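Undergrad: Structure file work_20.txt, compact mmCIF, C-alpha atoms and all ligand atoms, is pasted below:
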```txt
# COMPACT_ATOMS: atom_id res chain seq x y z
CA MET Y 1 -29.63 10.48 26.95
CA LEU Y 2 -26.33 9.68 25.13
CA HIS Y 3 -24.89 6.17 25.41
CA VAL Y 4 -21.62 5.27 23.74
CA THR Y 5 -20.84 1.57 23.98
CA SER Y 6 -17.64 -0.20 22.94
CA LEU Y 7 -17.10 2.29 20.12
CA THR Y 8 -14.11 1.44 17.95
CA LYS Y 9 -12.63 2.98 14.82
CA ARG Y 10 -9.98 1.10 12.91
CA PHE Y 11 -7.72 2.54 10.22
CA GLY Y 12 -6.02 -0.60 8.88
CA ASP Y 13 -4.39 -2.22 11.89
CA LYS Y 14 -4.56 0.94 13.95
CA ARG Y 15 -7.36 1.42 16.48
CA ALA Y 16 -7.78 5.20 16.52
CA VAL Y 17 -10.62 4.78 19.03
CA ASP Y 18 -10.51 1.56 20.97
CA ASN Y 19 -13.57 0.21 22.78
CA ALA Y 20 -14.73 3.57 24.12
CA SER Y 21 -17.78 3.60 26.41
CA PHE Y 22 -19.46 6.40 28.35
CA GLU Y 23 -22.93 7.61 29.21
CA VAL Y 24 -24.28 11.12 29.58
CA GLY Y 25 -27.55 11.30 31.50
CA LYS Y 26 -28.30 15.03 31.14
CA PRO Y 27 -26.97 18.00 29.17
CA THR Y 28 -23.43 18.41 30.46
CA MET Y 29 -20.35 20.31 29.36
CA ILE Y 30 -17.69 17.69 28.73
CA GLY Y 31 -14.04 18.22 27.84
CA ILE Y 32 -12.06 15.51 26.09
CA ILE Y 33 -8.33 15.72 26.67
CA GLY Y 34 -5.31 13.71 25.58
CA ARG Y 35 -2.14 14.12 23.61
CA SER Y 36 -2.09 14.52 19.85
CA GLY Y 37 -3.20 11.30 18.15
CA ALA Y 38 -5.09 9.98 21.21
CA GLY Y 39 -8.30 9.65 19.17
CA LYS Y 40 -10.24 12.73 20.27
CA SER Y 41 -11.18 13.98 16.79
CA THR Y 42 -12.05 10.50 15.59
CA LEU Y 43 -14.40 10.03 18.54
CA LEU Y 44 -16.18 13.34 17.84
CA ARG Y 45 -16.44 12.59 14.12
CA MET Y 46 -18.10 9.26 14.86
CA LEU Y 47 -20.56 10.92 17.24
CA ASN Y 48 -21.54 13.35 14.49
CA ARG Y 49 -21.49 10.58 11.83
CA LEU Y 50 -18.88 12.37 9.74
CA SER Y 51 -17.04 9.09 10.15
CA ASP Y 52 -18.49 5.58 10.46
CA ALA Y 53 -17.71 3.44 13.48
CA SER Y 54 -15.97 0.11 12.86
CA GLU Y 55 -17.71 -1.45 15.86
CA GLY Y 56 -19.90 -0.45 18.77
CA SER Y 57 -22.97 1.63 19.30
CA ILE Y 58 -24.07 5.22 19.90
CA THR Y 59 -27.62 5.82 21.06
CA PHE Y 60 -29.26 9.17 21.70
CA GLU Y 61 -32.60 9.22 23.51
CA GLY Y 62 -32.93 5.53 22.73
CA ALA Y 63 -32.30 5.75 18.96
CA GLU Y 64 -29.30 4.03 17.37
CA ILE Y 65 -27.13 6.61 15.60
CA THR Y 66 -24.43 4.48 13.96
CA THR Y 67 -26.82 2.96 11.41
CA LEU Y 68 -28.59 6.15 10.27
CA ARG Y 69 -28.55 6.72 6.52
CA GLY Y 70 -29.49 9.51 4.09
CA ALA Y 71 -31.97 12.07 5.41
CA ALA Y 72 -32.00 10.52 8.89
CA ARG Y 73 -28.23 10.90 9.10
CA ARG Y 74 -28.42 14.54 7.98
CA GLU Y 75 -31.17 15.17 10.52
CA TRP Y 76 -28.88 13.78 13.23
CA GLN Y 77 -26.05 16.03 12.03
CA SER Y 78 -28.27 19.07 12.59
CA ARG Y 79 -29.18 17.87 16.07
CA CYS Y 80 -25.52 17.59 16.98
CA ALA Y 81 -23.77 20.48 15.27
CA MET Y 82 -20.01 20.50 14.98
CA ILE Y 83 -17.51 23.34 15.13
CA PHE Y 84 -13.86 23.06 14.13
CA GLN Y 85 -10.47 24.51 14.96
CA GLN Y 86 -10.26 26.28 11.57
CA PHE Y 87 -13.85 27.66 11.75
CA ASN Y 88 -14.74 26.32 8.24
CA LEU Y 89 -16.50 29.51 7.14
CA VAL Y 90 -16.81 30.69 3.54
CA PRO Y 91 -14.18 33.48 3.74
CA ARG Y 92 -15.50 35.78 0.98
CA MET Y 93 -19.13 35.49 2.04
CA ASP Y 94 -20.64 37.93 4.55
CA VAL Y 95 -21.09 36.89 8.14
CA VAL Y 96 -24.87 36.67 8.16
CA SER Y 97 -24.89 34.45 5.04
CA ASN Y 98 -22.33 32.19 6.69
CA VAL Y 99 -24.66 31.88 9.68
CA LEU Y 100 -27.67 31.19 7.44
CA HIS Y 101 -25.69 28.32 5.93
CA GLY Y 102 -26.60 26.51 9.14
CA THR Y 103 -30.13 26.11 7.76
CA LEU Y 104 -28.96 24.48 4.52
CA ASN Y 105 -30.12 21.01 5.56
CA ARG Y 106 -33.74 22.05 5.69
CA ARG Y 107 -33.97 24.35 2.66
CA SER Y 108 -35.16 23.37 -0.79
CA THR Y 109 -32.66 23.12 -3.65
CA LEU Y 110 -34.35 26.05 -5.37
CA ALA Y 111 -34.09 28.32 -2.33
CA THR Y 112 -30.44 27.32 -1.96
CA MET Y 113 -29.67 28.00 -5.64
CA PHE Y 114 -31.13 31.50 -5.50
CA ASN Y 115 -29.76 32.26 -2.06
CA LEU Y 116 -33.25 32.89 -0.71
CA TYR Y 117 -33.67 32.98 3.03
CA PRO Y 118 -36.93 33.49 4.90
CA ALA Y 119 -37.04 36.83 6.78
CA GLN Y 120 -37.54 35.01 10.07
CA ASP Y 121 -34.29 33.07 9.52
CA ILE Y 122 -32.44 36.33 8.83
CA HIS Y 123 -33.82 37.84 12.05
CA LYS Y 124 -32.88 34.71 13.96
CA ALA Y 125 -29.34 34.85 12.57
CA ILE Y 126 -28.95 38.49 13.64
CA ASP Y 127 -30.35 37.69 17.10
CA ILE Y 128 -27.84 34.88 17.54
CA LEU Y 129 -24.97 37.10 16.38
CA ASP Y 130 -26.16 39.75 18.83
CA ARG Y 131 -26.18 37.22 21.64
CA LEU Y 132 -22.59 36.36 20.79
CA GLY Y 133 -21.63 40.04 20.74
CA ILE Y 134 -20.87 40.28 17.01
CA ALA Y 135 -24.09 41.61 15.41
CA ALA Y 136 -22.16 44.68 14.21
CA GLU Y 137 -20.01 42.40 12.05
CA ALA Y 138 -23.04 40.88 10.22
CA PRO Y 139 -22.49 42.62 6.83
CA LYS Y 140 -18.70 42.10 6.76
CA ARG Y 141 -16.95 39.34 4.90
CA ALA Y 142 -15.98 36.49 7.22
CA GLN Y 143 -12.32 36.85 6.24
CA ALA Y 144 -12.24 40.39 7.63
CA LEU Y 145 -12.90 39.17 11.17
CA SER Y 146 -10.44 38.14 13.88
CA GLY Y 147 -10.07 34.44 14.67
CA GLY Y 148 -12.16 34.75 17.83
CA GLN Y 149 -14.92 36.53 15.94
CA GLN Y 150 -14.83 33.91 13.19
CA GLN Y 151 -15.19 31.12 15.72
CA ARG Y 152 -18.21 32.91 17.18
CA VAL Y 153 -19.69 33.07 13.66
CA ALA Y 154 -19.15 29.31 13.43
CA ILE Y 155 -20.94 28.89 16.78
CA ALA Y 156 -23.78 31.10 15.50
CA ARG Y 157 -24.04 28.92 12.38
CA ALA Y 158 -24.26 25.85 14.62
CA LEU Y 159 -26.95 27.50 16.78
CA MET Y 160 -29.09 28.19 13.68
CA GLN Y 161 -29.75 24.45 13.63
CA ASP Y 162 -31.01 24.62 17.24
CA PRO Y 163 -28.88 21.58 18.10
CA GLN Y 164 -29.22 19.54 21.29
CA ILE Y 165 -25.51 18.80 21.22
CA ILE Y 166 -22.59 20.97 20.15
CA LEU Y 167 -19.42 19.08 19.31
CA ALA Y 168 -16.35 21.31 19.28
CA ASP Y 169 -13.10 19.93 17.87
CA GLU Y 170 -10.26 22.00 19.36
CA PRO Y 171 -12.35 25.20 19.18
CA ILE Y 172 -9.65 27.44 20.67
CA ALA Y 173 -6.47 25.83 19.39
CA SER Y 174 -5.91 28.61 16.81
CA LEU Y 175 -6.78 31.50 19.11
CA ASP Y 176 -4.80 33.80 21.39
CA PRO Y 177 -5.64 33.56 25.12
CA MET Y 178 -8.10 36.47 25.13
CA ASN Y 179 -10.11 35.16 22.19
CA ALA Y 180 -9.89 31.63 23.59
CA GLN Y 181 -11.55 32.88 26.75
CA ILE Y 182 -14.31 34.70 24.82
CA VAL Y 183 -15.09 31.56 22.79
CA MET Y 184 -15.05 29.23 25.82
CA ASP Y 185 -17.26 31.68 27.76
CA ALA Y 186 -19.72 31.64 24.81
CA LEU Y 187 -19.83 27.83 24.76
CA ARG Y 188 -20.33 27.69 28.53
CA ARG Y 189 -23.15 30.23 28.35
CA ILE Y 190 -24.87 28.32 25.56
CA HIS Y 191 -24.65 25.19 27.70
CA GLU Y 192 -25.99 26.87 30.84
CA GLU Y 193 -28.65 29.13 29.33
CA ASP Y 194 -29.99 26.81 26.61
CA GLY Y 195 -29.38 23.46 28.30
CA ARG Y 196 -27.43 22.14 25.32
CA MET Y 197 -24.85 19.41 25.75
CA VAL Y 198 -21.36 20.56 24.77
CA ILE Y 199 -18.55 18.09 24.08
CA ALA Y 200 -15.26 19.83 23.34
CA ASN Y 201 -11.88 18.38 22.47
CA LEU Y 202 -9.37 20.53 24.31
CA HIS Y 203 -5.64 20.31 24.15
CA THR Y 204 -5.11 22.11 27.43
CA LEU Y 205 -5.84 20.89 30.93
CA ASP Y 206 -6.59 24.23 32.50
CA THR Y 207 -9.38 24.98 30.01
CA ALA Y 208 -10.99 21.58 30.61
CA ARG Y 209 -10.79 22.06 34.38
CA ARG Y 210 -12.13 25.54 34.29
CA TYR Y 211 -15.06 25.20 31.90
CA CYS Y 212 -16.21 21.59 32.01
CA ASP Y 213 -18.39 19.66 34.46
CA ARG Y 214 -16.83 16.41 33.38
CA VAL Y 215 -13.54 15.49 31.76
CA ILE Y 216 -12.80 12.42 29.65
CA GLY Y 217 -9.14 11.57 29.16
CA MET Y 218 -8.00 9.53 26.15
CA ARG Y 219 -4.73 7.76 25.57
CA ASP Y 220 -3.93 5.61 22.52
CA GLY Y 221 -7.60 5.45 21.54
CA ARG Y 222 -8.80 4.34 24.97
CA ILE Y 223 -10.72 6.24 27.61
CA VAL Y 224 -8.37 6.20 30.58
CA PHE Y 225 -10.11 8.80 32.74
CA ASP Y 226 -13.73 9.90 33.16
CA GLY Y 227 -14.46 12.15 36.10
CA THR Y 228 -14.87 15.63 37.51
CA PRO Y 229 -12.27 18.39 37.16
CA GLU Y 230 -11.50 17.92 40.88
CA GLN Y 231 -10.58 14.28 40.27
CA LEU Y 232 -8.21 15.31 37.51
CA THR Y 233 -5.08 15.54 39.64
CA THR Y 234 -1.60 16.13 38.28
CA GLY Y 235 -0.90 12.39 38.70
CA VAL Y 236 -3.97 11.48 36.64
CA ALA Y 237 -3.03 14.06 34.00
CA ARG Y 238 0.47 12.61 33.82
CA ASP Y 239 -1.07 9.21 33.13
CA ILE Y 240 -3.40 10.58 30.42
CA TYR Y 241 -0.58 12.38 28.64
CA GLY Y 242 1.80 9.46 29.14
CA ALA Y 243 4.36 11.87 30.54
CA GLY Y 244 7.20 11.23 32.94
CA ALA Y 245 7.81 12.66 36.40
CA ASP Y 246 8.94 15.92 34.79
CA PHE Y 247 5.40 16.50 33.48
CA SER Y 248 4.49 20.13 33.81
CA GLU Y 249 0.92 21.34 33.69
CA ALA Y 250 2.17 24.70 32.51
CA ALA Y 251 3.19 23.03 29.27
CA THR Y 252 -0.47 22.38 28.47
CA SER Y 253 -1.70 25.78 29.61
CA THR Y 254 -3.47 28.30 27.39
CA ALA Y 255 -2.71 31.05 29.87
CA ILE Y 256 -6.46 31.81 30.03
CA GLU Y 257 -6.19 31.81 33.83
CA THR Y 258 -3.69 34.66 33.83
CA LEU Y 259 -6.22 36.94 32.14
CA ASP Y 260 -8.38 36.87 35.25
CA ARG Y 261 -5.68 37.86 37.67
CA PRO Y 262 -5.09 41.62 37.59
CA ASN Y 263 -1.76 41.30 39.40
CA ALA Y 264 -0.45 38.46 37.27
CA ALA Y 265 2.91 39.06 35.68
CA PRO Y 266 2.57 40.03 32.01
CA VAL Y 267 3.25 37.24 29.54
CA VAL Y 268 6.54 38.14 27.89
CA PRO Y 269 6.94 36.65 24.43
CA ALA Y 270 10.01 34.42 24.06
N1 LIG Q 301 -8.30 9.08 8.06
C1 LIG Q 301 -7.33 8.46 8.75
N2 LIG Q 301 -6.59 7.49 8.21
C2 LIG Q 301 -5.62 6.86 8.92
N3 LIG Q 301 -5.32 7.13 10.21
C3 LIG Q 301 -6.03 8.09 10.81
C4 LIG Q 301 -7.08 8.81 10.13
N4 LIG Q 301 -7.61 9.72 10.99
C5 LIG Q 301 -6.94 9.58 12.15
N5 LIG Q 301 -6.00 8.60 12.05
C6 LIG Q 301 -5.09 8.17 13.12
O1 LIG Q 301 -5.86 7.86 14.25
C7 LIG Q 301 -5.20 8.30 15.44
C8 LIG Q 301 -6.12 9.24 16.21
O2 LIG Q 301 -6.24 10.46 15.48
P1 LIG Q 301 -7.14 11.69 15.98
O3 LIG Q 301 -7.03 12.77 14.95
O4 LIG Q 301 -8.48 11.19 16.32
O5 LIG Q 301 -6.38 12.10 17.32
P2 LIG Q 301 -6.55 13.43 18.18
O6 LIG Q 301 -6.49 13.00 19.60
O7 LIG Q 301 -7.73 14.17 17.74
O8 LIG Q 301 -5.23 14.20 17.82
P3 LIG Q 301 -5.04 15.74 17.36
O9 LIG Q 301 -5.25 16.54 18.59
O10 LIG Q 301 -3.63 15.77 16.87
O11 LIG Q 301 -6.04 15.97 16.27
C9 LIG Q 301 -3.89 8.95 15.01
O12 LIG Q 301 -2.87 7.98 15.12
C10 LIG Q 301 -4.14 9.27 13.57
O13 LIG Q 301 -2.94 9.24 12.83
```
As structure tokens, please, write out the structure in this file.
Ligand SMILES: Nc1ncnc2c1ncn2[C@@H]1O[C@H](COP(=O)(O)OP(=O)(O)OP(=O)(O)O)[C@@H](O)[C@H]1O

TA:
Amino acid sequence: MLHVTSLTKRFGDKRAVDNASFEVGKPTMIGIIGRSGAGKSTLLRMLNRLSDASEGSITFEGAEITTLRGAARREWQSRCAMIFQQFNLVPRMDVVSNVLHGTLNRRSTLATMFNLYPAQDIHKAIDILDRLGIAAEAPKRAQALSGGQQQRVAIARALMQDPQIILADEPIASLDPMNAQIVMDALRRIHEEDGRMVIANLHTLDTARRYCDRVIGMRDGRIVFDGTPEQLTTGVARDIYGAGADFSEAATSTAIETLDRPNAAPVVPA
């Protein structure tokens, strides 16, 4: 399905992604972990063609992605929708219009200029918002929503494109633990119910372990681990993060786990 072969991105002398290779045979939920600067965002941006590869190849269902231009590149970008840490919504625009923005690639210039949306697209947008539990927010301005709600609007906008792949760049890094859990649950459900591939950059180990079928670990641009959550032992994690013997998993925890345990001690702010 997806084949990434010897993918490299150079910025001057620096190899932000260095000879990365992996294959995904079927829709899978994959977490990419690694410390800040390891190359996670650069890898995702190359997959989506927001950024050009310096070397290497990406193929999806047999077609080469790295060389796509113009309309073919835009068509690829709708097949693999991307969501971001900062949601990237239009803050003053209402929620449903933000979601309908996901259809921009396939609308005529005239329809875009006059803000005309087909009724079936509007119904589809509302249905998607409903599925994500935020249909009631549809008429509100995006800026009036909580971070977790805004990220779900961004997911809804991505789903409007009916993508085969969802690329999520640190989707929960700006959220509190409860909203982080809601957003990760939504991504997992979309993967399981729709059979879409989800590749998410995650800065915390526990989230990757809990939600993903497969984890890819990056260090200094290289893929240094590719396996199941069970194979991701503390020793392996220490290697990925380049940490010493004092490495503590708690330091990379989102505290999502504690939400599930009714008897867990309350988290006391420092
Ligand atoms: N446009 C750019 N120009 C120059 N260097 C860049 C550029 N984008 C990324 N880099 C560098 O490439 C390396 C990888 O960055 P990248 O953002 O992919 O890492 P990351 O693992 O996603 O980290 P973070 O979690 O902090 O976003 C870093 O050293 C970064 O400084």

Undergrad: Could you give me the residues within 12 Å of ligand LIG 301 (chain Q), counting only C-alpha atoms and all ligand atoms, as a ChimeraX atom specification?

TA: /Y:8-18,32-46,50-52,84-85,168-173,200-204,216-223,240-241

Undergrad: What does the distance from atom CA of Thr233 of chain Y to atom CA of Ala180 of chain Y come to in Å, to one decimal?

TA: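 That distance, rounded to one decimal, is 23.2 Å.
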
Undergrad: Atom CA of Ser21 of chain Y and atom CA of Thr5 of chain Y, how far apart in Å?

TA: 4.4 Å

Undergrad: Under the rule that all atoms listed in the file are counted, which of Y:Gly227, Y:Gly147, Y:Gly31, Y:Gly25 is the nearest residue to Leu187 of chain Y?

TA: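 Of Y:Gly227, Y:Gly147, Y:Gly31, Y:Gly25, the one nearest Leu187 of chain Y, counting all atoms listed in the file, is Y:Gly31.
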
Undergrad: Atom CA of Met178 of chain Y and atom CA of Ala142 of chain Y, how far apart in Å?

TA: 19.6 Å

Undergrad: I need the residue nearest Leu167 of chain Y from this list: Y:Gln231, Y:Phe225, Y:Leu89, Y:Leu47. Use all atoms listed in the file for the distance.

TA: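 The answer is Y:Leu47, which sits nearest to Leu167 of chain Y.
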
Undergrad: Considering all atoms listed in the file, can you say which of Y:Ala138, Y:Met160, Y:Val215, Y:Leu2 comes closest to Thr103 of chain Y?

TA: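 Comparing Y:Ala138, Y:Met160, Y:Val215, Y:Leu2 against Thr103 of chain Y, the winner is Y:Met160.
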
Undergrad: Around segment 210-214 of chain Y, with edges along x, y and z and 3 Å added on all six sides, what centre and edge lengths do you get, in Å to one decimal, as lines of an AutoDock Vina configuration file?

TA:
```
center_x = -15.3
center_y = 21.0
center_z = 33.2
size_x = 12.3
size_y = 15.1
size_z = 8.6
```

Undergrad: I need the residue nearest Val95 of chain Y from this list: Y:Asp239, Y:Ala208, Y:Gln143, Y:Glu61. Use all atoms listed in the file for the distance.

TA: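 Counting all atoms listed in the file, the residue closest to Val95 of chain Y is Y:Gln143.
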
Undergrad: From the set Y:Leu159, Y:Leu175, Y:Ala72, Y:Leu232, which residue has the shortest atom-to-atom contact distance to His191 of chain Y, counting only C-alpha atoms?

TA: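 Of Y:Leu159, Y:Leu175, Y:Ala72, Y:Leu232, the one nearest His191 of chain Y, counting only C-alpha atoms, is Y:Leu159.
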
Undergrad: Measuring atom to atom with only C-alpha atoms, identify which of Y:Asp194, Y:Asp127, Y:Glu75, Y:Asp213 is nearest to Leu100 of chain Y.

TA: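 With only C-alpha atoms as the atom set, the closest residue is Y:Asp127.
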
Undergrad: I want to know what sits within 12 Å of Ala144 of chain Y, based on all atoms listed in the file, with residues of the same chain fewer than 2 positions away left out; could you give that as number ranges by chain?

TA: Y: 89-95, 137-142, 146-150

Undergrad: Complete the atoms of segment 175-188 of chain Y to N, CA and C atoms and put them out as a short mmCIF file (atom, residue, chain, number, x, y, z; two decimals), in the frame of the given file.

TA:
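So selection22.cif came out as:
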```cif
data_model
loop_
_atom_site.label_atom_id
_atom_site.label_comp_id
_atom_site.auth_asym_id
_atom_site.auth_seq_id
_atom_site.Cartn_x
_atom_site.Cartn_y
_atom_site.Cartn_z
N LEU Y 175 -6.48 30.15 18.60
CA LEU Y 175 -6.78 31.50 19.11
C LEU Y 175 -5.79 31.94 20.19
N ASP Y 176 -5.62 33.27 20.30
CA ASP Y 176 -4.80 33.80 21.39
C ASP Y 176 -5.61 33.68 22.69
N PRO Y 177 -4.95 33.81 23.85
CA PRO Y 177 -5.64 33.56 25.12
C PRO Y 177 -6.91 34.38 25.32
N MET Y 178 -6.92 35.65 24.89
CA MET Y 178 -8.10 36.47 25.13
C MET Y 178 -9.29 35.96 24.30
N ASN Y 179 -9.03 35.68 23.03
CA ASN Y 179 -10.11 35.16 22.19
C ASN Y 179 -10.53 33.75 22.60
N ALA Y 180 -9.57 32.98 23.09
CA ALA Y 180 -9.89 31.63 23.59
C ALA Y 180 -10.89 31.74 24.73
N GLN Y 181 -10.65 32.70 25.61
CA GLN Y 181 -11.55 32.88 26.75
C GLN Y 181 -12.95 33.32 26.29
N ILE Y 182 -13.00 34.23 25.32
CA ILE Y 182 -14.31 34.70 24.82
C ILE Y 182 -15.10 33.53 24.22
N VAL Y 183 -14.41 32.69 23.44
CA VAL Y 183 -15.09 31.56 22.79
C VAL Y 183 -15.53 30.52 23.82
N MET Y 184 -14.67 30.22 24.79
CA MET Y 184 -15.05 29.23 25.82
C MET Y 184 -16.19 29.78 26.68
N ASP Y 185 -16.16 31.08 27.00
CA ASP Y 185 -17.26 31.68 27.76
C ASP Y 185 -18.57 31.54 26.98
N ALA Y 186 -18.50 31.74 25.64
CA ALA Y 186 -19.72 31.64 24.81
C ALA Y 186 -20.26 30.21 24.85
N LEU Y 187 -19.37 29.23 24.73
CA LEU Y 187 -19.83 27.83 24.76
C LEU Y 187 -20.44 27.49 26.12
N ARG Y 188 -19.81 27.97 27.18
CA ARG Y 188 -20.33 27.69 28.53
C ARG Y 188 -21.72 28.31 28.72
#
```
